[in-house]
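Peer 1: TSV, N, CA and C atoms, file input31.tsv:
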chain	number	residue	atom	x	y	z
E	6	MET	N	-11.05	204.98	69.11
E	6	MET	CA	-11.91	204.32	68.15
E	6	MET	C	-12.85	203.40	68.91
E	7	THR	N	-14.10	203.41	68.55
E	7	THR	CA	-15.08	202.61	69.27
E	7	THR	C	-15.35	201.27	68.60
E	8	LEU	N	-14.70	200.98	67.51
E	8	LEU	CA	-14.90	199.68	66.88
E	8	LEU	C	-14.35	198.60	67.79
E	9	ILE	N	-14.98	197.46	67.81
E	9	ILE	CA	-14.61	196.39	68.72
E	9	ILE	C	-13.43	195.61	68.16
E	10	SER	N	-12.45	195.39	69.02
E	10	SER	CA	-11.29	194.60	68.64
E	10	SER	C	-11.61	193.12	68.86
E	11	GLN	N	-11.27	192.29	67.92
E	11	GLN	CA	-11.47	190.85	68.06
E	11	GLN	C	-10.37	190.29	68.95
E	12	PRO	N	-10.70	189.32	69.79
E	12	PRO	CA	-9.68	188.72	70.66
E	12	PRO	C	-8.49	188.22	69.85
E	13	GLY	N	-7.31	188.54	70.33
E	13	GLY	CA	-6.09	188.09	69.68
E	13	GLY	C	-5.68	188.90	68.47
E	14	SER	N	-6.41	189.97	68.15
E	14	SER	CA	-6.03	190.76	66.97
E	14	SER	C	-5.48	192.11	67.41
E	15	ASP	N	-4.75	192.70	66.53
E	15	ASP	CA	-4.24	194.05	66.75
E	15	ASP	C	-4.85	194.96	65.71
E	16	TYR	N	-5.02	196.21	66.08
E	16	TYR	CA	-5.48	197.17	65.07
E	16	TYR	C	-4.37	197.34	64.05
E	17	GLN	N	-4.75	197.35	62.81
E	17	GLN	CA	-3.79	197.51	61.74
E	17	GLN	C	-4.26	198.61	60.81
E	18	ILE	N	-3.33	199.22	60.15
E	18	ILE	CA	-3.66	200.25	59.17
E	18	ILE	C	-3.71	199.58	57.81
E	19	THR	N	-4.72	199.93	57.06
E	19	THR	CA	-4.84	199.40	55.71
E	19	THR	C	-5.11	200.55	54.76
E	20	SER	N	-4.78	200.38	53.55
E	20	SER	CA	-5.01	201.41	52.55
E	20	SER	C	-5.80	200.80	51.41
E	21	ILE	N	-6.86	201.48	51.02
E	21	ILE	CA	-7.65	201.03	49.88
E	21	ILE	C	-7.92	202.23	48.98
E	22	SER	N	-8.13	201.96	47.74
E	22	SER	CA	-8.48	203.02	46.80
E	22	SER	C	-9.92	202.83	46.39
E	23	LEU	N	-10.71	203.89	46.52
E	23	LEU	CA	-12.11	203.85	46.14
E	23	LEU	C	-12.40	204.99	45.18
E	24	ASP	N	-13.18	204.68	44.18
E	24	ASP	CA	-13.68	205.70	43.27
E	24	ASP	C	-14.48	206.71	44.08
E	25	ALA	N	-14.37	207.99	43.74
E	25	ALA	CA	-15.06	209.04	44.49
E	25	ALA	C	-16.57	208.83	44.52
E	26	GLY	N	-17.15	208.42	43.41
E	26	GLY	CA	-18.59	208.17	43.37
E	26	GLY	C	-18.98	206.99	44.24
E	27	TYR	N	-18.17	205.93	44.21
E	27	TYR	CA	-18.42	204.77	45.04
E	27	TYR	C	-18.32	205.15	46.52
E	28	THR	N	-17.32	205.94	46.85
E	28	THR	CA	-17.13	206.39	48.23
E	28	THR	C	-18.34	207.20	48.69
E	29	ARG	N	-18.81	208.10	47.84
E	29	ARG	CA	-19.98	208.91	48.19
E	29	ARG	C	-21.19	208.02	48.41
E	30	ASP	N	-21.41	207.05	47.51
E	30	ASP	CA	-22.54	206.14	47.66
E	30	ASP	C	-22.43	205.32	48.94
E	31	LEU	N	-21.22	204.88	49.25
E	31	LEU	CA	-21.00	204.10	50.47
E	31	LEU	C	-21.28	204.94	51.71
E	32	ILE	N	-20.82	206.17	51.71
E	32	ILE	CA	-21.08	207.07	52.84
E	32	ILE	C	-22.57	207.32	53.00
E	33	LEU	N	-23.27	207.56	51.89
E	33	LEU	CA	-24.72	207.79	51.95
E	33	LEU	C	-25.46	206.55	52.46
E	34	MET	N	-25.04	205.37	51.99
E	34	MET	CA	-25.68	204.14	52.44
E	34	MET	C	-25.46	203.92	53.93
E	35	LEU	N	-24.24	204.11	54.39
E	35	LEU	CA	-23.95	203.94	55.81
E	35	LEU	C	-24.69	204.97	56.66
E	36	THR	N	-24.80	206.19	56.15
E	36	THR	CA	-25.55	207.22	56.87
E	36	THR	C	-27.02	206.83	56.98
E	37	ASP	N	-27.59	206.29	55.90
E	37	ASP	CA	-28.99	205.84	55.93
E	37	ASP	C	-29.18	204.69	56.90
E	38	VAL	N	-28.28	203.71	56.86
E	38	VAL	CA	-28.38	202.57	57.78
E	38	VAL	C	-28.27	203.07	59.23
E	39	HIS	N	-27.35	203.97	59.47
E	39	HIS	CA	-27.20	204.54	60.81
E	39	HIS	C	-28.48	205.22	61.25
E	40	ALA	N	-29.07	206.02	60.36
E	40	ALA	CA	-30.30	206.74	60.71
E	40	ALA	C	-31.45	205.78	61.02
E	41	VAL	N	-31.59	204.72	60.21
E	41	VAL	CA	-32.66	203.76	60.44
E	41	VAL	C	-32.46	203.04	61.78
E	42	LEU	N	-31.24	202.56	62.01
E	42	LEU	CA	-30.98	201.85	63.27
E	42	LEU	C	-31.15	202.77	64.47
E	43	ASP	N	-30.66	203.99	64.34
E	43	ASP	CA	-30.78	204.96	65.42
E	43	ASP	C	-32.25	205.26	65.71
E	44	HIS	N	-33.05	205.40	64.65
E	44	HIS	CA	-34.48	205.67	64.82
E	44	HIS	C	-35.18	204.48	65.47
E	45	LEU	N	-34.85	203.27	65.03
E	45	LEU	CA	-35.47	202.08	65.61
E	45	LEU	C	-35.07	201.89	67.07
E	46	TYR	N	-33.82	202.21	67.37
E	46	TYR	CA	-33.33	201.98	68.72
E	46	TYR	C	-33.95	202.94	69.73
E	47	LEU	N	-34.06	204.21	69.39
E	47	LEU	CA	-34.67	205.23	70.25
E	47	LEU	C	-34.16	205.14	71.69
E	48	ASP	N	-32.86	205.02	71.84
E	48	ASP	CA	-32.23	204.93	73.15
E	48	ASP	C	-32.76	203.78	74.00
E	49	GLY	N	-33.21	202.72	73.37
E	49	GLY	CA	-33.67	201.54	74.08
E	49	GLY	C	-35.03	201.68	74.74
E	50	THR	N	-35.79	202.72	74.37
E	50	THR	CA	-37.07	202.97	75.04
E	50	THR	C	-38.21	202.10	74.53
E	51	GLN	N	-37.99	201.38	73.42
E	51	GLN	CA	-39.05	200.51	72.89
E	51	GLN	C	-38.47	199.12	72.60
E	52	PRO	N	-38.23	198.35	73.66
E	52	PRO	CA	-37.59	197.04	73.47
E	52	PRO	C	-38.37	196.08	72.58
E	53	GLU	N	-39.68	196.27	72.46
E	53	GLU	CA	-40.45	195.38	71.58
E	53	GLU	C	-40.05	195.55	70.12
E	54	ILE	N	-39.50	196.71	69.78
E	54	ILE	CA	-39.04	196.96	68.41
E	54	ILE	C	-37.60	196.49	68.24
E	55	THR	N	-36.76	196.77	69.22
E	55	THR	CA	-35.33	196.48	69.08
E	55	THR	C	-34.95	195.07	69.51
E	56	SER	N	-35.81	194.40	70.24
E	56	SER	CA	-35.50	193.06	70.73
E	56	SER	C	-35.11	192.08	69.62
E	57	PRO	N	-35.85	192.03	68.49
E	57	PRO	CA	-35.45	191.11	67.42
E	57	PRO	C	-34.05	191.43	66.85
E	58	ALA	N	-33.72	192.70	66.74
E	58	ALA	CA	-32.39	193.07	66.23
E	58	ALA	C	-31.31	192.65	67.22
E	59	GLU	N	-31.54	192.88	68.50
E	59	GLU	CA	-30.58	192.47	69.53
E	59	GLU	C	-30.41	190.94	69.50
E	60	ASP	N	-31.54	190.22	69.38
E	60	ASP	CA	-31.49	188.76	69.32
E	60	ASP	C	-30.69	188.29	68.11
E	61	TYR	N	-30.93	188.91	66.95
E	61	TYR	CA	-30.22	188.51	65.74
E	61	TYR	C	-28.71	188.73	65.91
E	62	LEU	N	-28.33	189.88	66.44
E	62	LEU	CA	-26.90	190.15	66.65
E	62	LEU	C	-26.28	189.11	67.59
E	63	ARG	N	-26.97	188.79	68.65
E	63	ARG	CA	-26.47	187.82	69.62
E	63	ARG	C	-26.38	186.42	68.98
E	64	GLU	N	-27.43	186.01	68.27
E	64	GLU	CA	-27.45	184.67	67.66
E	64	GLU	C	-26.44	184.51	66.53
E	65	SER	N	-26.09	185.61	65.88
E	65	SER	CA	-25.11	185.54	64.80
E	65	SER	C	-23.68	185.68	65.32
E	66	ALA	N	-23.54	185.69	66.64
E	66	ALA	CA	-22.23	185.81	67.30
E	66	ALA	C	-21.54	187.13	66.97
E	67	SER	N	-22.35	188.15	66.69
E	67	SER	CA	-21.77	189.47	66.43
E	67	SER	C	-21.14	190.01	67.71
E	68	PRO	N	-20.00	190.65	67.60
E	68	PRO	CA	-19.40	191.25	68.79
E	68	PRO	C	-20.09	192.57	69.17
E	69	TYR	N	-21.09	192.98	68.39
E	69	TYR	CA	-21.76	194.26	68.61
E	69	TYR	C	-23.11	194.10	69.29
E	70	THR	N	-23.41	195.02	70.17
E	70	THR	CA	-24.78	195.23	70.61
E	70	THR	C	-25.36	196.25	69.65
E	71	LEU	N	-26.66	196.47	69.68
E	71	LEU	CA	-27.26	197.45	68.78
E	71	LEU	C	-26.69	198.85	68.99
E	72	PRO	N	-26.57	199.34	70.23
E	72	PRO	CA	-25.96	200.67	70.41
E	72	PRO	C	-24.51	200.73	69.92
E	73	ALA	N	-23.75	199.65	70.14
E	73	ALA	CA	-22.35	199.63	69.68
E	73	ALA	C	-22.28	199.63	68.16
E	74	LEU	N	-23.20	198.92	67.50
E	74	LEU	CA	-23.25	198.90	66.04
E	74	LEU	C	-23.57	200.29	65.49
E	75	ILE	N	-24.51	200.97	66.12
E	75	ILE	CA	-24.87	202.33	65.71
E	75	ILE	C	-23.67	203.26	65.85
E	76	ASP	N	-22.96	203.15	66.97
E	76	ASP	CA	-21.76	203.98	67.19
E	76	ASP	C	-20.67	203.65	66.19
E	77	ALA	N	-20.48	202.35	65.89
E	77	ALA	CA	-19.45	201.94	64.94
E	77	ALA	C	-19.77	202.46	63.54
E	78	LEU	N	-21.04	202.40	63.13
E	78	LEU	CA	-21.43	202.95	61.83
E	78	LEU	C	-21.15	204.44	61.76
E	79	ASP	N	-21.44	205.14	62.83
E	79	ASP	CA	-21.16	206.57	62.88
E	79	ASP	C	-19.67	206.84	62.73
E	80	GLU	N	-18.86	206.06	63.42
E	80	GLU	CA	-17.41	206.25	63.35
E	80	GLU	C	-16.87	205.95	61.95
E	81	VAL	N	-17.31	204.87	61.34
E	81	VAL	CA	-16.84	204.51	60.00
E	81	VAL	C	-17.26	205.57	58.99
E	82	THR	N	-18.50	206.04	59.09
E	82	THR	CA	-18.98	207.09	58.18
E	82	THR	C	-18.16	208.36	58.35
E	83	THR	N	-17.87	208.72	59.59
E	83	THR	CA	-17.06	209.91	59.85
E	83	THR	C	-15.66	209.75	59.27
E	84	GLN	N	-15.06	208.58	59.45
E	84	GLN	CA	-13.71	208.35	58.92
E	84	GLN	C	-13.70	208.38	57.39
E	85	LEU	N	-14.69	207.77	56.76
E	85	LEU	CA	-14.76	207.80	55.29
E	85	LEU	C	-14.98	209.22	54.78
E	86	SER	N	-15.84	209.97	55.44
E	86	SER	CA	-16.08	211.36	55.03
E	86	SER	C	-14.81	212.18	55.16
E	87	HIS	N	-14.09	211.97	56.25
E	87	HIS	CA	-12.83	212.70	56.46
E	87	HIS	C	-11.81	212.31	55.38
E	88	ALA	N	-11.71	211.01	55.10
E	88	ALA	CA	-10.77	210.56	54.06
E	88	ALA	C	-11.12	211.14	52.70
E	89	GLU	N	-12.43	211.21	52.40
E	89	GLU	CA	-12.86	211.78	51.12
E	89	GLU	C	-12.48	213.26	51.04
E	90	ARG	N	-12.71	214.00	52.11
E	90	ARG	CA	-12.34	215.43	52.12
E	90	ARG	C	-10.84	215.60	51.96
E	91	GLU	N	-10.06	214.76	52.65
E	91	GLU	CA	-8.60	214.84	52.55
E	91	GLU	C	-8.12	214.52	51.14
E	92	ALA	N	-8.79	213.56	50.48
E	92	ALA	CA	-8.39	213.18	49.13
E	92	ALA	C	-8.57	214.33	48.16
E	93	PHE	N	-9.58	215.15	48.39
E	93	PHE	CA	-9.86	216.26	47.49
E	93	PHE	C	-9.20	217.56	47.92
E	94	HIS	N	-8.59	217.56	49.09
E	94	HIS	CA	-7.91	218.77	49.57
E	94	HIS	C	-6.76	219.12	48.63
E	95	GLY	N	-6.71	220.31	48.21
E	95	GLY	CA	-5.64	220.75	47.32
E	95	GLY	C	-5.97	220.66	45.85
E	96	ILE	N	-7.08	220.04	45.50
E	96	ILE	CA	-7.50	219.98	44.10
E	96	ILE	C	-8.30	221.25	43.82
E	97	PRO	N	-7.87	222.05	42.88
E	97	PRO	CA	-8.59	223.29	42.59
E	97	PRO	C	-10.04	223.02	42.19
E	98	PRO	N	-10.98	223.82	42.70
E	98	PRO	CA	-12.39	223.59	42.37
E	98	PRO	C	-12.71	223.79	40.89
E	99	ASP	N	-11.87	224.51	40.17
E	99	ASP	CA	-12.14	224.74	38.76
E	99	ASP	C	-11.47	223.71	37.86
E	100	MET	N	-10.90	222.66	38.46
E	100	MET	CA	-10.25	221.62	37.67
E	100	MET	C	-11.33	220.84	36.92
E	101	PRO	N	-11.16	220.65	35.61
E	101	PRO	CA	-12.19	219.94	34.84
E	101	PRO	C	-12.32	218.48	35.28
E	102	ALA	N	-13.52	217.99	35.27
E	102	ALA	CA	-13.78	216.60	35.64
E	102	ALA	C	-13.32	215.68	34.52
E	103	PHE	N	-12.92	214.48	34.88
E	103	PHE	CA	-12.51	213.50	33.89
E	103	PHE	C	-13.72	212.67	33.50
E	104	ASP	N	-14.04	212.66	32.23
E	104	ASP	CA	-15.11	211.82	31.71
E	104	ASP	C	-14.47	210.78	30.80
E	105	PRO	N	-14.65	209.50	31.14
E	105	PRO	CA	-14.08	208.46	30.27
E	105	PRO	C	-14.68	208.54	28.87
E	106	PRO	N	-13.92	208.17	27.87
E	106	PRO	CA	-14.44	208.18	26.51
E	106	PRO	C	-15.69	207.29	26.40
E	107	GLY	N	-16.71	207.80	25.76
E	107	GLY	CA	-17.94	207.05	25.55
E	107	GLY	C	-18.90	207.09	26.73
E	108	ARG	N	-18.57	207.87	27.78
E	108	ARG	CA	-19.47	207.95	28.94
E	108	ARG	C	-20.75	208.66	28.54
E	109	ASP	N	-21.88	208.07	28.92
E	109	ASP	CA	-23.18	208.68	28.68
E	109	ASP	C	-23.77	209.04	30.05
E	110	PRO	N	-23.85	210.35	30.41
E	110	PRO	CA	-24.37	210.75	31.73
E	110	PRO	C	-25.77	210.22	31.99
E	111	ALA	N	-26.53	209.93	30.94
E	111	ALA	CA	-27.89	209.39	31.13
E	111	ALA	C	-27.86	208.01	31.79
E	112	ASN	N	-26.72	207.31	31.68
E	112	ASN	CA	-26.61	205.97	32.28
E	112	ASN	C	-26.00	205.98	33.66
E	113	ASP	N	-25.67	207.16	34.18
E	113	ASP	CA	-25.08	207.24	35.53
E	113	ASP	C	-26.12	206.80	36.56
E	114	THR	N	-25.67	206.07	37.56
E	114	THR	CA	-26.56	205.67	38.66
E	114	THR	C	-26.07	206.30	39.95
E	115	PHE	N	-26.99	206.57	40.81
E	115	PHE	CA	-26.62	207.20	42.08
E	115	PHE	C	-27.12	206.43	43.24
Just give me the structure of the file as structure tokens.
Peer 2:
Amino acid sequence: MTLISQPGSDYQITSISLDAGYTRDLILMLTDVHAVLDHLYLDGTQPEITSPAEDYLRESASPYTLPALIDALDEVTTQLSHAEREAFHGIPPDMPAFDPPGRDPANDTF
């Protein structure tokens, strides 16, 4: 795992429950953030663009450099995607979706 360990801490396993739609939105958001940061970073070839981001990370006492943050976002997105696939593994594709009573699809947000 490429996520940075904080001094004095141990990696721990945690379990959380996320709604499938929320998980999808979170994965899409993290993928977008990763793409933007990766595009801005351009392997460090344009420091005039990335310098403010590096400065902000340093001044905020972040344990991440910009490349490490990009890698960490990629890892988290990959882990969430894998967890989502595992959660749906074994559910028949023809299983009817659950719609809460009174749900109006016109009010769904994505």
Peer 1: I'd like the interatomic distance between atom N of Asn112 (chain E) and atom N of Gly26 (chain E), to a tenth of an Å.
Peer 2: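 About the pair atom N of Asn112 (chain E) and atom N of Gly26 (chain E): they are 15.2 Å apart.
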Peer 1: Kindly give the distance, in Å, that separates atom C of Asp79 (chain E) and CA of Pro97 (chain E), rounded to a single decimal.
Peer 2: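 We find that atom C of Asp79 (chain E) and CA of Pro97 (chain E) lie 28.3 Å from each other.
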Peer 1: Which one of E:Ala58, E:Ala25, E:Ile32, E:Leu42 sits closest to Glu80 (chain E) if you count only C-alpha atoms?
Peer 2: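 Result for the nearest residue to Glu80 (chain E): E:Ile32.
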Peer 1: Pick from E:Arg29, E:Asp99, E:Glu64, E:His44: nearest to His87 (chain E), with only C-alpha atoms counted?
Peer 2: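 Selected residue with least distance to His87 (chain E): E:Arg29.
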Peer 1: Write down as a ChimeraX atom specification the residues of region 45-108 of chain E whose backbone DSSP state falls under helix (DSSP H, G or I).
Peer 2: /E:45-49,52-64,71-93
Peer 1: Could you write region 67-87 of chain E as a PDB file, in the frame of the given file, with N, CA, C and O atoms rebuilt where they are missing?
Peer 2:
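That gives us out11.pdb:
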ATOM      1  N   SER E  67     -22.350 188.150  66.690  1.00  0.00           N
ATOM      2  CA  SER E  67     -21.770 189.470  66.430  1.00  0.00           C
ATOM      3  C   SER E  67     -21.140 190.010  67.710  1.00  0.00           C
ATOM      4  O   SER E  67     -21.699 189.843  68.802  1.00  0.00           O
ATOM      5  N   PRO E  68     -20.000 190.650  67.600  1.00  0.00           N
ATOM      6  CA  PRO E  68     -19.400 191.250  68.790  1.00  0.00           C
ATOM      7  C   PRO E  68     -20.090 192.570  69.170  1.00  0.00           C
ATOM      8  O   PRO E  68     -19.726 193.188  70.153  1.00  0.00           O
ATOM      9  N   TYR E  69     -21.090 192.980  68.390  1.00  0.00           N
ATOM     10  CA  TYR E  69     -21.760 194.260  68.610  1.00  0.00           C
ATOM     11  C   TYR E  69     -23.110 194.100  69.290  1.00  0.00           C
ATOM     12  O   TYR E  69     -23.857 193.171  68.984  1.00  0.00           O
ATOM     13  N   THR E  70     -23.410 195.020  70.170  1.00  0.00           N
ATOM     14  CA  THR E  70     -24.780 195.230  70.610  1.00  0.00           C
ATOM     15  C   THR E  70     -25.360 196.250  69.650  1.00  0.00           C
ATOM     16  O   THR E  70     -24.620 196.872  68.865  1.00  0.00           O
ATOM     17  N   LEU E  71     -26.660 196.470  69.680  1.00  0.00           N
ATOM     18  CA  LEU E  71     -27.260 197.450  68.780  1.00  0.00           C
ATOM     19  C   LEU E  71     -26.690 198.850  68.990  1.00  0.00           C
ATOM     20  O   LEU E  71     -26.304 199.513  68.019  1.00  0.00           O
ATOM     21  N   PRO E  72     -26.570 199.340  70.230  1.00  0.00           N
ATOM     22  CA  PRO E  72     -25.960 200.670  70.410  1.00  0.00           C
ATOM     23  C   PRO E  72     -24.510 200.730  69.920  1.00  0.00           C
ATOM     24  O   PRO E  72     -24.081 201.721  69.330  1.00  0.00           O
ATOM     25  N   ALA E  73     -23.750 199.650  70.140  1.00  0.00           N
ATOM     26  CA  ALA E  73     -22.350 199.630  69.680  1.00  0.00           C
ATOM     27  C   ALA E  73     -22.280 199.630  68.160  1.00  0.00           C
ATOM     28  O   ALA E  73     -21.403 200.265  67.566  1.00  0.00           O
ATOM     29  N   LEU E  74     -23.200 198.920  67.500  1.00  0.00           N
ATOM     30  CA  LEU E  74     -23.250 198.900  66.040  1.00  0.00           C
ATOM     31  C   LEU E  74     -23.570 200.290  65.490  1.00  0.00           C
ATOM     32  O   LEU E  74     -22.953 200.744  64.519  1.00  0.00           O
ATOM     33  N   ILE E  75     -24.510 200.970  66.120  1.00  0.00           N
ATOM     34  CA  ILE E  75     -24.870 202.330  65.710  1.00  0.00           C
ATOM     35  C   ILE E  75     -23.670 203.260  65.850  1.00  0.00           C
ATOM     36  O   ILE E  75     -23.342 204.032  64.947  1.00  0.00           O
ATOM     37  N   ASP E  76     -22.960 203.150  66.970  1.00  0.00           N
ATOM     38  CA  ASP E  76     -21.760 203.980  67.190  1.00  0.00           C
ATOM     39  C   ASP E  76     -20.670 203.650  66.190  1.00  0.00           C
ATOM     40  O   ASP E  76     -19.990 204.537  65.668  1.00  0.00           O
ATOM     41  N   ALA E  77     -20.480 202.350  65.890  1.00  0.00           N
ATOM     42  CA  ALA E  77     -19.450 201.940  64.940  1.00  0.00           C
ATOM     43  C   ALA E  77     -19.770 202.460  63.540  1.00  0.00           C
ATOM     44  O   ALA E  77     -18.867 202.933  62.823  1.00  0.00           O
ATOM     45  N   LEU E  78     -21.040 202.400  63.130  1.00  0.00           N
ATOM     46  CA  LEU E  78     -21.430 202.950  61.830  1.00  0.00           C
ATOM     47  C   LEU E  78     -21.150 204.440  61.760  1.00  0.00           C
ATOM     48  O   LEU E  78     -20.669 204.944  60.737  1.00  0.00           O
ATOM     49  N   ASP E  79     -21.440 205.140  62.830  1.00  0.00           N
ATOM     50  CA  ASP E  79     -21.160 206.570  62.880  1.00  0.00           C
ATOM     51  C   ASP E  79     -19.670 206.840  62.730  1.00  0.00           C
ATOM     52  O   ASP E  79     -19.256 207.710  61.963  1.00  0.00           O
ATOM     53  N   GLU E  80     -18.860 206.060  63.420  1.00  0.00           N
ATOM     54  CA  GLU E  80     -17.410 206.250  63.350  1.00  0.00           C
ATOM     55  C   GLU E  80     -16.870 205.950  61.950  1.00  0.00           C
ATOM     56  O   GLU E  80     -16.057 206.700  61.413  1.00  0.00           O
ATOM     57  N   VAL E  81     -17.310 204.870  61.340  1.00  0.00           N
ATOM     58  CA  VAL E  81     -16.840 204.510  60.000  1.00  0.00           C
ATOM     59  C   VAL E  81     -17.260 205.570  58.990  1.00  0.00           C
ATOM     60  O   VAL E  81     -16.468 205.981  58.141  1.00  0.00           O
ATOM     61  N   THR E  82     -18.500 206.040  59.090  1.00  0.00           N
ATOM     62  CA  THR E  82     -18.980 207.090  58.180  1.00  0.00           C
ATOM     63  C   THR E  82     -18.160 208.360  58.350  1.00  0.00           C
ATOM     64  O   THR E  82     -17.775 208.991  57.366  1.00  0.00           O
ATOM     65  N   THR E  83     -17.870 208.720  59.590  1.00  0.00           N
ATOM     66  CA  THR E  83     -17.060 209.910  59.850  1.00  0.00           C
ATOM     67  C   THR E  83     -15.660 209.750  59.270  1.00  0.00           C
ATOM     68  O   THR E  83     -15.141 210.667  58.630  1.00  0.00           O
ATOM     69  N   GLN E  84     -15.060 208.580  59.450  1.00  0.00           N
ATOM     70  CA  GLN E  84     -13.710 208.350  58.920  1.00  0.00           C
ATOM     71  C   GLN E  84     -13.700 208.380  57.390  1.00  0.00           C
ATOM     72  O   GLN E  84     -12.781 208.952  56.790  1.00  0.00           O
ATOM     73  N   LEU E  85     -14.690 207.770  56.760  1.00  0.00           N
ATOM     74  CA  LEU E  85     -14.760 207.800  55.290  1.00  0.00           C
ATOM     75  C   LEU E  85     -14.980 209.220  54.780  1.00  0.00           C
ATOM     76  O   LEU E  85     -14.362 209.623  53.788  1.00  0.00           O
ATOM     77  N   SER E  86     -15.840 209.970  55.440  1.00  0.00           N
ATOM     78  CA  SER E  86     -16.080 211.360  55.030  1.00  0.00           C
ATOM     79  C   SER E  86     -14.810 212.180  55.160  1.00  0.00           C
ATOM     80  O   SER E  86     -14.475 212.984  54.281  1.00  0.00           O
ATOM     81  N   HIS E  87     -14.090 211.970  56.250  1.00  0.00           N
ATOM     82  CA  HIS E  87     -12.830 212.700  56.460  1.00  0.00           C
ATOM     83  C   HIS E  87     -11.810 212.310  55.380  1.00  0.00           C
ATOM     84  O   HIS E  87     -11.140 213.174  54.806  1.00  0.00           O
TER      85      HIS E  87
END
